$ cat protein_8.tsv   # TSV, C-alpha atoms
chain	number	residue	atom	x	y	z
A	262	MET	CA	114.34	78.32	93.30
A	263	ARG	CA	112.18	77.09	96.16
A	264	ILE	CA	108.54	76.69	95.24
A	265	ALA	CA	105.82	75.27	97.48
A	266	VAL	CA	102.35	74.21	96.35
A	267	ILE	CA	99.93	74.42	99.27
A	268	VAL	CA	97.42	71.58	99.43
A	269	PHE	CA	94.03	71.92	101.12
A	270	PRO	CA	91.41	69.21	101.54
A	271	GLY	CA	89.55	69.46	98.24
A	272	SER	CA	92.40	70.96	96.21
A	273	ASN	CA	92.34	69.16	92.87
A	274	CYS	CA	94.79	71.06	90.67
A	275	ASP	CA	97.78	70.62	92.97
A	276	ARG	CA	99.22	67.69	90.98
A	277	ASP	CA	98.72	69.46	87.64
A	278	MET	CA	100.49	72.48	89.06
A	279	LEU	CA	103.32	70.29	90.36
A	280	VAL	CA	103.76	68.76	86.89
A	281	ALA	CA	103.69	72.21	85.27
A	282	VAL	CA	106.29	73.61	87.68
A	283	GLU	CA	108.52	70.58	87.24
A	284	LYS	CA	108.24	70.77	83.45
A	285	ILE	CA	109.37	74.39	83.39
A	286	THR	CA	111.92	74.52	86.22
A	287	GLY	CA	113.19	70.93	86.14
A	288	ARG	CA	112.59	70.77	89.88
A	289	ARG	CA	109.74	69.25	91.77
A	290	PRO	CA	108.07	71.77	94.08
A	291	ALA	CA	107.28	70.89	97.70
A	292	LEU	CA	103.68	69.94	98.40
A	293	ILE	CA	102.69	71.47	101.74
A	294	TRP	CA	99.62	70.24	103.63
A	295	HIS	CA	97.45	73.06	104.98
A	296	LYS	CA	97.72	71.85	108.60
A	297	GLN	CA	101.39	72.76	108.69
A	298	SER	CA	101.77	76.01	110.59
A	299	ASN	CA	105.30	76.91	109.58
A	300	LEU	CA	106.98	77.20	106.25
A	301	ASP	CA	110.67	76.87	105.42
A	302	PRO	CA	111.92	79.89	103.49
A	303	ILE	CA	110.53	79.77	99.96
A	304	ASP	CA	110.64	82.02	96.90
A	305	LEU	CA	107.10	81.33	95.76
A	306	ALA	CA	103.97	79.79	97.26
A	307	ILE	CA	101.32	78.54	94.88
A	308	LEU	CA	97.70	78.08	95.96
A	309	PRO	CA	96.19	75.68	93.42
A	310	GLY	CA	92.64	75.35	92.14
A	311	GLY	CA	90.00	73.00	93.47
A	312	PHE	CA	87.16	73.03	95.94
A	313	SER	CA	88.88	73.50	99.28
A	314	PHE	CA	86.60	72.40	102.14
A	315	GLY	CA	83.87	71.66	99.60
A	316	ASP	CA	83.38	75.41	98.99
A	317	TYR	CA	81.42	75.45	102.26
A	318	LEU	CA	80.34	78.81	103.70
A	319	ARG	CA	82.05	80.80	100.89
A	320	CYS	CA	84.65	79.58	98.38
A	321	GLY	CA	88.05	79.74	100.05
A	322	ALA	CA	86.68	81.02	103.38
A	323	LEU	CA	87.63	77.99	105.46
A	324	ALA	CA	90.97	77.45	103.69
A	325	ALA	CA	91.83	81.09	104.39
A	326	ARG	CA	91.67	80.27	108.12
A	327	SER	CA	93.86	77.13	107.88
A	328	PRO	CA	97.02	76.90	110.02
A	329	ILE	CA	99.33	77.34	106.99
A	330	MET	CA	97.82	80.74	106.25
A	331	SER	CA	99.56	82.53	109.12
A	332	ALA	CA	102.87	81.37	107.65
A	333	LEU	CA	101.73	82.68	104.27
A	334	HIS	CA	100.79	86.03	105.82
A	335	ASP	CA	104.33	86.21	107.27
A	336	HIS	CA	105.77	85.27	103.86
A	337	ALA	CA	103.67	88.03	102.25
A	338	ALA	CA	104.70	90.55	104.92
A	339	ARG	CA	108.35	89.83	104.09
A	340	GLY	CA	107.59	90.72	100.46
A	341	GLY	CA	107.34	87.08	99.39
A	342	SER	CA	105.66	86.03	96.15
A	343	ILE	CA	102.39	84.10	95.98
A	344	LEU	CA	100.40	82.85	92.99
A	345	GLY	CA	96.78	81.82	93.51
A	346	VAL	CA	94.88	80.11	90.72
A	347	CYS	CA	91.08	79.79	90.73
A	348	ASN	CA	90.22	78.48	94.21
A	349	GLY	CA	93.70	79.71	95.18
A	350	PHE	CA	92.62	83.20	94.06
A	351	GLN	CA	89.43	82.88	96.12
A	352	ILE	CA	91.54	81.88	99.16
A	353	LEU	CA	93.85	84.91	98.71
A	354	ILE	CA	90.79	87.17	98.58
A	355	GLU	CA	89.27	85.53	101.67
A	356	SER	CA	92.64	86.03	103.43
A	357	SER	CA	92.55	89.75	102.57
A	358	LEU	CA	95.86	89.30	100.75
A	359	LEU	CA	94.08	90.50	97.60
A	360	PRO	CA	91.21	93.00	97.23
A	361	GLY	CA	87.63	92.46	96.07
A	362	PHE	CA	85.48	89.35	95.98
A	363	LEU	CA	84.61	86.57	93.54
A	364	LEU	CA	80.86	86.24	93.22
A	365	ARG	CA	78.82	83.50	91.61
A	366	ASN	CA	78.98	83.64	87.80
A	367	LYS	CA	76.44	85.98	86.26
A	368	GLU	CA	74.66	83.21	84.33
A	369	LEU	CA	74.62	80.94	87.41
A	370	LYS	CA	76.49	78.24	85.52
A	371	PHE	CA	79.77	76.48	86.06
A	372	ILE	CA	81.96	77.71	83.20
A	373	CYS	CA	84.65	75.49	81.74
A	374	LYS	CA	86.02	77.04	78.58
A	375	GLN	CA	88.94	78.61	76.80
A	376	THR	CA	89.33	82.34	77.43
A	377	THR	CA	91.41	85.04	75.83
A	378	LEU	CA	93.26	87.29	78.24
A	379	ALA	CA	94.84	90.68	77.83
A	380	LEU	CA	97.66	91.70	80.11
A	381	ASN	CA	97.03	95.19	81.47
A	382	ALA	CA	99.93	97.32	80.17
A	383	GLU	CA	99.55	99.58	83.24
A	384	SER	CA	99.84	96.67	85.66
A	385	ASN	CA	102.50	96.79	88.38
A	386	CYS	CA	102.52	92.99	88.75
A	387	LYS	CA	106.15	91.99	89.28
A	388	LEU	CA	105.41	88.35	88.54
A	389	LEU	CA	104.36	88.90	84.93
A	390	ALA	CA	106.89	91.64	84.18
A	391	SER	CA	108.54	89.68	81.36
A	392	LEU	CA	105.29	89.06	79.45
A	393	ASP	CA	104.55	91.15	76.36
A	394	SER	CA	101.36	93.11	77.09
A	395	LYS	CA	100.63	93.44	73.35
A	396	LYS	CA	100.05	89.70	72.99
A	397	THR	CA	96.87	88.08	74.27
A	398	LEU	CA	96.98	84.77	76.13
A	399	LYS	CA	94.71	81.76	75.64
A	400	ILE	CA	94.15	80.12	79.03
A	401	PRO	CA	91.02	78.20	80.10
A	402	VAL	CA	88.77	78.88	83.09
A	403	ALA	CA	86.79	76.35	85.13
A	404	HIS	CA	84.75	77.90	87.90
A	405	ASN	CA	81.35	78.64	89.37
A	406	GLU	CA	82.35	81.69	91.45
A	407	GLY	CA	84.63	83.87	89.35
A	408	SER	CA	82.74	87.09	88.84
A	409	PHE	CA	85.08	89.74	90.20
A	410	PHE	CA	83.40	92.35	92.36
A	411	ALA	CA	84.65	95.31	94.35
A	412	ASP	CA	82.90	98.44	95.57
A	413	THR	CA	83.35	101.53	93.40
A	414	GLU	CA	86.04	103.00	95.63
A	415	THR	CA	88.13	99.80	95.76
A	416	LEU	CA	87.69	99.26	92.03
A	417	SER	CA	89.01	102.69	91.09
A	418	LYS	CA	91.82	102.32	93.63
A	419	ILE	CA	93.05	99.03	92.18
A	420	GLU	CA	92.68	100.34	88.62
A	421	ASN	CA	94.74	103.44	89.49
A	422	ASN	CA	97.36	101.40	91.39
A	423	GLY	CA	97.92	99.07	88.45
A	424	GLN	CA	96.62	96.13	90.49
A	425	VAL	CA	94.41	94.89	87.67
A	426	VAL	CA	96.67	92.41	85.88
A	427	LEU	CA	94.56	90.33	83.48
A	428	ARG	CA	91.30	91.06	81.69
A	429	TYR	CA	89.06	88.82	79.63
A	430	THR	CA	89.10	89.96	76.04
A	431	SER	CA	88.06	88.64	72.67
A	432	ASP	CA	89.29	88.46	69.10
A	433	THR	CA	85.86	89.38	67.74
A	434	SER	CA	83.77	92.45	68.46
A	435	ALA	CA	80.65	90.26	68.76
A	436	TYR	CA	81.75	88.91	72.15
A	437	SER	CA	83.32	90.87	75.00
A	438	GLY	CA	85.20	87.77	76.12
A	439	ASN	CA	83.95	88.20	79.68
A	440	PRO	CA	82.45	84.80	80.58
A	441	ASN	CA	81.25	85.46	84.12
A	442	GLY	CA	80.19	89.08	84.60
A	443	SER	CA	83.42	90.27	86.26
A	444	LEU	CA	83.53	94.04	86.75
A	445	ASN	CA	85.86	95.71	84.22
A	446	ASP	CA	86.39	92.21	82.68
A	447	ILE	CA	88.85	91.45	85.49
A	448	ALA	CA	90.39	87.97	85.40
A	449	GLY	CA	93.38	88.57	87.67
A	450	VAL	CA	94.57	91.11	90.24
A	451	CYS	CA	97.73	91.63	92.25
A	452	SER	CA	98.68	93.08	95.62
A	453	SER	CA	99.84	96.68	95.90
A	454	ASN	CA	103.49	95.54	95.96
A	455	GLY	CA	102.89	93.49	92.78
A	456	LYS	CA	104.19	90.26	94.38
A	457	ILE	CA	100.91	88.43	95.01
A	458	LEU	CA	98.92	87.46	91.94
A	459	GLY	CA	95.49	85.87	91.88
A	460	MET	CA	93.87	84.72	88.65
A	461	MET	CA	90.79	82.71	87.73
A	462	PRO	CA	92.18	81.08	84.53
A	463	HIS	CA	94.28	77.93	84.94
A	464	PRO	CA	97.80	78.33	83.45
A	465	GLU	CA	98.61	74.71	84.37
A	466	ARG	CA	95.93	73.68	81.86
A	467	ALA	CA	97.62	75.47	78.95
A	468	MET	CA	100.99	73.74	78.91
A	469	GLY	CA	101.40	72.89	75.22
A	470	ALA	CA	101.37	69.28	73.97
A	471	GLY	CA	97.93	67.81	74.59
A	472	HIS	CA	96.47	71.18	75.56
A	473	GLU	CA	94.86	73.71	73.28
A	474	SER	CA	97.43	76.36	74.11
A	475	SER	CA	100.88	76.79	75.60
A	476	ASP	CA	100.24	80.30	76.94
A	477	GLY	CA	99.89	79.04	80.50
A	478	GLU	CA	103.44	77.76	80.28
A	479	LYS	CA	104.52	81.20	79.05
A	480	LEU	CA	102.78	82.84	81.99
A	481	LEU	CA	104.23	80.48	84.59
A	482	ARG	CA	107.69	80.83	83.07
A	483	SER	CA	107.40	84.58	83.54
A	484	VAL	CA	106.46	84.07	87.21
A	485	PHE	CA	109.49	81.83	87.80
A	486	GLU	CA	111.80	84.26	86.00
A	487	ALA	CA	110.53	87.04	88.22
A	488	ILE	CA	111.29	85.22	91.46
A	489	ILE	CA	114.89	84.35	90.57
A	490	LYS	CA	115.67	87.96	89.65
B	28	MET	CA	71.92	80.66	124.53
B	29	GLN	CA	70.78	80.23	120.96
B	30	VAL	CA	71.83	82.96	118.56
B	31	THR	CA	70.55	83.30	115.01
B	32	ILE	CA	72.79	84.98	112.49
B	33	ILE	CA	71.35	86.18	109.20
B	34	ILE	CA	73.81	86.97	106.45
B	35	GLN	CA	72.78	88.86	103.34
B	36	LYS	CA	74.43	90.46	100.33
B	37	LYS	CA	74.95	94.18	100.71
B	38	THR	CA	72.88	96.44	98.47
B	39	GLY	CA	74.62	97.04	95.18
B	40	VAL	CA	76.29	93.63	95.09
B	41	LEU	CA	75.22	91.68	92.02
B	42	ASP	CA	73.08	88.72	93.08
B	43	PRO	CA	72.16	86.67	90.01
B	44	GLU	CA	70.53	84.00	92.17
B	45	ALA	CA	68.06	86.49	93.66
B	46	GLN	CA	67.43	87.89	90.18
B	47	ALA	CA	66.68	84.43	88.79
B	48	ILE	CA	64.26	83.72	91.65
B	49	GLN	CA	62.59	87.08	91.11
B	50	GLN	CA	62.08	86.33	87.41
B	51	ALA	CA	60.68	82.89	88.16
B	52	LEU	CA	58.22	84.33	90.69
B	53	TYR	CA	57.12	86.95	88.16
B	54	SER	CA	56.49	84.31	85.55
B	55	LEU	CA	54.43	82.37	88.09
B	56	GLY	CA	52.11	85.32	88.36
B	57	PHE	CA	53.47	87.10	91.44
B	58	ASP	CA	53.40	90.44	89.66
B	59	ASP	CA	53.18	92.38	92.93
B	60	LEU	CA	56.72	91.24	93.74
B	61	GLN	CA	59.08	94.14	94.35
B	62	ASP	CA	62.38	92.64	95.40
B	63	VAL	CA	64.05	89.37	96.36
B	64	THR	CA	67.11	88.88	98.53
B	65	VAL	CA	68.75	85.54	99.23
B	66	GLY	CA	70.73	85.00	102.38
B	67	LYS	CA	72.03	82.47	104.84
B	68	GLN	CA	70.87	81.68	108.32
B	69	ILE	CA	73.33	80.21	110.79
B	70	THR	CA	72.24	79.18	114.27
B	71	VAL	CA	74.85	78.88	117.00
B	72	GLU	CA	74.52	77.83	120.60
B	73	ILE	CA	76.76	79.91	122.86
B	74	ASN	CA	77.58	78.86	126.37
B	75	THR	CA	76.31	81.91	128.26
B	76	ASN	CA	73.07	83.31	129.67
B	77	ASP	CA	74.11	86.88	129.10
B	78	GLN	CA	72.35	88.17	126.00
B	79	GLU	CA	74.80	91.02	125.37
B	80	ARG	CA	77.75	88.65	125.72
B	81	ALA	CA	76.12	86.17	123.29
B	82	LYS	CA	75.55	88.95	120.74
B	83	TYR	CA	79.10	90.17	121.15
B	84	ARG	CA	80.56	86.69	120.62
B	85	ALA	CA	78.32	86.12	117.57
B	86	SER	CA	79.43	89.42	116.04
B	87	LYS	CA	83.05	88.34	116.58
B	88	MET	CA	82.24	85.08	114.74
B	89	CYS	CA	80.77	87.06	111.85
B	90	GLU	CA	83.76	89.38	111.59
B	91	THR	CA	86.27	86.50	111.85
B	92	LEU	CA	84.66	83.94	109.57
B	93	LEU	CA	80.93	83.80	109.02
B	94	ALA	CA	80.46	86.94	106.91
B	95	ASN	CA	82.70	88.54	104.33
B	96	THR	CA	82.01	92.20	104.97
B	97	VAL	CA	83.26	93.17	101.52
B	98	ILE	CA	79.97	91.87	100.10
B	99	GLU	CA	77.85	90.75	103.05
B	100	SER	CA	76.11	92.30	106.01
B	101	TYR	CA	74.88	90.37	109.04
B	102	LYS	CA	72.13	90.59	111.62
B	103	ILE	CA	72.21	88.89	114.99
B	104	GLU	CA	69.08	87.83	116.82
B	105	THR	CA	68.76	86.29	120.27
B	106	LYS	CA	65.63	85.02	121.94
B	107	GLU	CA	64.62	86.85	125.12
B	108	PRO	CA	65.36	84.50	128.01
B	109	SER	CA	62.03	82.99	129.10

$ encode --input "protein_8.tsv" --output "structure tokens"
Amino acid sequence: MRIAVIVFPGSNCDRDMLVAVEKITGRRPALIWHKQSNLDPIDLAILPGGFSFGDYLRCGALAARSPIMSALHDHAARGGSILGVCNGFQILIESSLLPGFLLRNKELKFICKQTTLALNAESNCKLLASLDSKKTLKIPVAHNEGSFFADTETLSKIENNGQVVLRYTSDTSAYSGNPNGSLNDIAGVCSSNGKILGMMPHPERAMGAGHESSDGEKLLRSVFEAIIK
Amino acid sequence: MQVTIIIQKKTGVLDPEAQAIQQALYSLGFDDLQDVTVGKQITVEINTNDQERAKYRASKMCETLLANTVIESYKIETKEPS
């Protein structure tokens, strides 16, 4: 299994992701600097969280125009798998590899908290195919721009295509579970072929021992299982 | 030639920052306030004297990087050559 974690100036979850991948797969993924313009064949590219290019202009906008991105577009065009977490999700959206946009949080605050996620049973995401959609996942978020937005037409298109993968939910009826004002409580979406997944919550921060939850490990394990199939 | 690019959220896109400013202005007594929009202004200097060419290049910049047309619209202004 060949996994590459792409590193941009300002990425700050790349090492955590490396540790998470190594813990699950037993193999250390390659760390690829964004200035590299070609990519050896890989099974999965991971775009980690952070503040690439200081979030200047728009979150992920400058990273989406980095030299490595043309190689990632080629990888995607070949049907390759990509996982983007938090800033990685923003970069995938800015690259037009995923639909919609991530706006500033509704309450204008940086949100760092545990969230409960429901896997959309209608989702066509190939990367989370082995997860049980009846079980919720506890995975934390940490972002300032995570409020998912899409125009009405795009929103109904991605809902009908099964491209909505994860939604914020809650165990109590008093709270919707949606921390940031995302439309339709969307926390993660995938590409139309189900091979590119972007999500705001950080699975690498829910890896069991020392963390509040081990559901991130479960989620990542499902991604790795999907790419070796 | 100097070109000014103004980037704003499209109508219908949630803008909590503009809403917060609007509320603050209301509470400061500006009760005739009808709407607030928050945007970005980017000034670029383009190496040409041709106004149409400068506008064309600036629009290319917007489409390629400066604006995300999923949520933003842009306006391009050039000064008449004096």

$ interface_residues --input "protein_8.tsv" --of "chain B" --to "chain A" --cutoff "8 Å" --atoms "all atoms listed in the file" --output "JSON list (two decimals) with C-alpha atoms, in the frame of the given file"
[["chain", "number", "residue", "atom", "x", "y", "z"],
["B", 40, "VAL", "CA", 76.29, 93.63, 95.09],
["B", 41, "LEU", "CA", 75.22, 91.68, 92.02],
["B", 42, "ASP", "CA", 73.08, 88.72, 93.08],
["B", 43, "PRO", "CA", 72.16, 86.67, 90.01],
["B", 44, "GLU", "CA", 70.53, 84.00, 92.17],
["B", 92, "LEU", "CA", 84.66, 83.94, 109.57],
["B", 93, "LEU", "CA", 80.93, 83.80, 109.02],
["B", 95, "ASN", "CA", 82.70, 88.54, 104.33],
["B", 97, "VAL", "CA", 83.26, 93.17, 101.52],
["B", 98, "ILE", "CA", 79.97, 91.87, 100.10]]

$ residues_around --input "protein_8.tsv" --residues "range 429-432 of chain A" --least-positions-apart "3" --cutoff "7 Å" --atoms "only C-alpha atoms" --output "list of chain:residue names"
A:Thr376, A:Thr377, A:Leu378, A:Ala379, A:Tyr436, A:Ser437, A:Gly438, A:Asn439, A:Asp446, A:Ile447, A:Ala448

$ closest_residue --input "protein_8.tsv" --among "A:Asn454, A:Thr397, A:Asn381, A:Asn348" --to "Glu420 in chain A" --atoms "only C-alpha atoms"
A:Asn381

$ residues_around --input "protein_8.tsv" --residues "Leu392 in chain A" --least-positions-apart "5" --cutoff "12 Å" --atoms "only C-alpha atoms" --output "list of chain:residue names"
A:Ala379, A:Leu380, A:Asn381, A:Ala382, A:Ser384, A:Cys386, A:Lys387, A:Thr397, A:Leu398, A:Val426, A:Leu427, A:Asp476, A:Gly477, A:Glu478, A:Lys479, A:Leu480, A:Leu481, A:Arg482, A:Ser483, A:Val484, A:Phe485, A:Glu486, A:Ala487

$ atom_distance --input "protein_8.tsv" --atom1 "CA of Ile48 in chain B" --atom2 "CA of Lys102 in chain B"
22.5 Å

$ atom_distance --input "protein_8.tsv" --atom1 "CA of Cys451 in chain A" --atom2 "CA of Glu383 in chain A"
12.2 Å

$ atom_distance --input "protein_8.tsv" --atom1 "CA of Gly345 in chain A" --atom2 "CA of Pro309 in chain A"
6.2 Å

$ residues_around --input "protein_8.tsv" --residues "Gln49 in chain B" --least-positions-apart "5" --cutoff "8 Å" --atoms "all atoms listed in the file" --output "list in words"
Leu60, Asp62 and Val63 of chain B

$ closest_residue --input "protein_8.tsv" --among "A:Gly349, A:Gly315, A:Pro440, A:Pro302" --to "Ala337 in chain A" --atoms "all atoms listed in the file"
A:Pro302

$ axis_aligned_box --input "protein_8.tsv" --around "range 56-65 of chain B" --padding-each-side "4 Å" --output "lines of an AutoDock Vina configuration file"
center_x = 60.4
center_y = 89.7
center_z = 93.8
size_x = 24.6
size_y = 16.8
size_z = 18.9

$ closest_residue --input "protein_8.tsv" --among "A:Gly310, A:Gly459, A:Gly471, A:Gly287" --to "Ile354 in chain A" --atoms "all atoms listed in the file"
A:Gly459

$ closest_residue --input "protein_8.tsv" --among "B:Ser54, B:Gln29, B:Thr64, B:Gln46" --to "Glu99 in chain B" --atoms "all atoms listed in the file"
B:Thr64

$ closest_residue --input "protein_8.tsv" --among "B:Met88, B:Leu52, B:Val30, B:Ile103" --to "Thr75 in chain B" --atoms "all atoms listed in the file"
B:Val30

$ residues_around --input "protein_8.tsv" --residues "Tyr101 in chain B" --least-positions-apart "6" --cutoff "12 Å" --atoms "all atoms listed in the file" --output "MDAnalysis selection string"
chainID B and resid 31:37 66:69 82 85:90 92:95

$ residues_near_point --input "protein_8.tsv" --point "(107.4, 71.9, 85.4)" --cutoff "12 Å" --atoms "all atoms listed in the file" --output "MDAnalysis selection string"
chainID A and resid 264 276:290 464:465 468:469 477:479 481:482 485

$ build_atoms --input "protein_8.tsv" --residues "range 382-397 of chain A" --atoms "N, CA and C atoms" --output "PDB file, in the frame of the given file"
ATOM      1  N   ALA A 382      98.619  96.695  80.376  1.00  0.00           N
ATOM      2  CA  ALA A 382      99.930  97.320  80.170  1.00  0.00           C
ATOM      3  C   ALA A 382     100.310  98.221  81.347  1.00  0.00           C
ATOM      4  N   GLU A 383      99.295  98.683  82.099  1.00  0.00           N
ATOM      5  CA  GLU A 383      99.550  99.580  83.240  1.00  0.00           C
ATOM      6  C   GLU A 383      99.786  98.800  84.535  1.00  0.00           C
ATOM      7  N   SER A 384      99.754  97.476  84.452  1.00  0.00           N
ATOM      8  CA  SER A 384      99.840  96.670  85.660  1.00  0.00           C
ATOM      9  C   SER A 384     101.212  96.767  86.315  1.00  0.00           C
ATOM     10  N   ASN A 385     101.211  96.757  87.663  1.00  0.00           N
ATOM     11  CA  ASN A 385     102.500  96.790  88.380  1.00  0.00           C
ATOM     12  C   ASN A 385     102.882  95.400  88.870  1.00  0.00           C
ATOM     13  N   CYS A 386     102.257  94.361  88.292  1.00  0.00           N
ATOM     14  CA  CYS A 386     102.520  92.990  88.750  1.00  0.00           C
ATOM     15  C   CYS A 386     103.961  92.604  88.426  1.00  0.00           C
ATOM     16  N   LYS A 387     104.737  92.339  89.466  1.00  0.00           N
ATOM     17  CA  LYS A 387     106.150  91.990  89.280  1.00  0.00           C
ATOM     18  C   LYS A 387     106.287  90.593  88.669  1.00  0.00           C
ATOM     19  N   LEU A 388     105.278  89.749  88.950  1.00  0.00           N
ATOM     20  CA  LEU A 388     105.410  88.350  88.540  1.00  0.00           C
ATOM     21  C   LEU A 388     105.228  88.137  87.044  1.00  0.00           C
ATOM     22  N   LEU A 389     104.558  89.077  86.374  1.00  0.00           N
ATOM     23  CA  LEU A 389     104.360  88.900  84.930  1.00  0.00           C
ATOM     24  C   LEU A 389     105.125  89.955  84.141  1.00  0.00           C
ATOM     25  N   ALA A 390     106.163  90.516  84.778  1.00  0.00           N
ATOM     26  CA  ALA A 390     106.890  91.640  84.180  1.00  0.00           C
ATOM     27  C   ALA A 390     107.500  91.290  82.827  1.00  0.00           C
ATOM     28  N   SER A 391     107.859  90.007  82.617  1.00  0.00           N
ATOM     29  CA  SER A 391     108.540  89.680  81.360  1.00  0.00           C
ATOM     30  C   SER A 391     107.574  89.323  80.230  1.00  0.00           C
ATOM     31  N   LEU A 392     106.247  89.360  80.517  1.00  0.00           N
ATOM     32  CA  LEU A 392     105.290  89.060  79.450  1.00  0.00           C
ATOM     33  C   LEU A 392     105.042  90.302  78.583  1.00  0.00           C
ATOM     34  N   ASP A 393     104.828  90.066  77.298  1.00  0.00           N
ATOM     35  CA  ASP A 393     104.550  91.150  76.360  1.00  0.00           C
ATOM     36  C   ASP A 393     103.063  91.514  76.430  1.00  0.00           C
ATOM     37  N   SER A 394     102.770  92.735  76.881  1.00  0.00           N
ATOM     38  CA  SER A 394     101.360  93.110  77.090  1.00  0.00           C
ATOM     39  C   SER A 394     100.609  93.277  75.763  1.00  0.00           C
ATOM     40  N   LYS A 395     101.323  93.286  74.640  1.00  0.00           N
ATOM     41  CA  LYS A 395     100.630  93.440  73.350  1.00  0.00           C
ATOM     42  C   LYS A 395     100.053  92.105  72.870  1.00  0.00           C
ATOM     43  N   LYS A 396     100.539  91.012  73.444  1.00  0.00           N
ATOM     44  CA  LYS A 396     100.050  89.700  72.990  1.00  0.00           C
ATOM     45  C   LYS A 396      99.003  89.159  73.956  1.00  0.00           C
ATOM     46  N   THR A 397      97.889  88.676  73.400  1.00  0.00           N
ATOM     47  CA  THR A 397      96.870  88.080  74.270  1.00  0.00           C
ATOM     48  C   THR A 397      97.294  86.647  74.612  1.00  0.00           C
TER      49      THR A 397
END
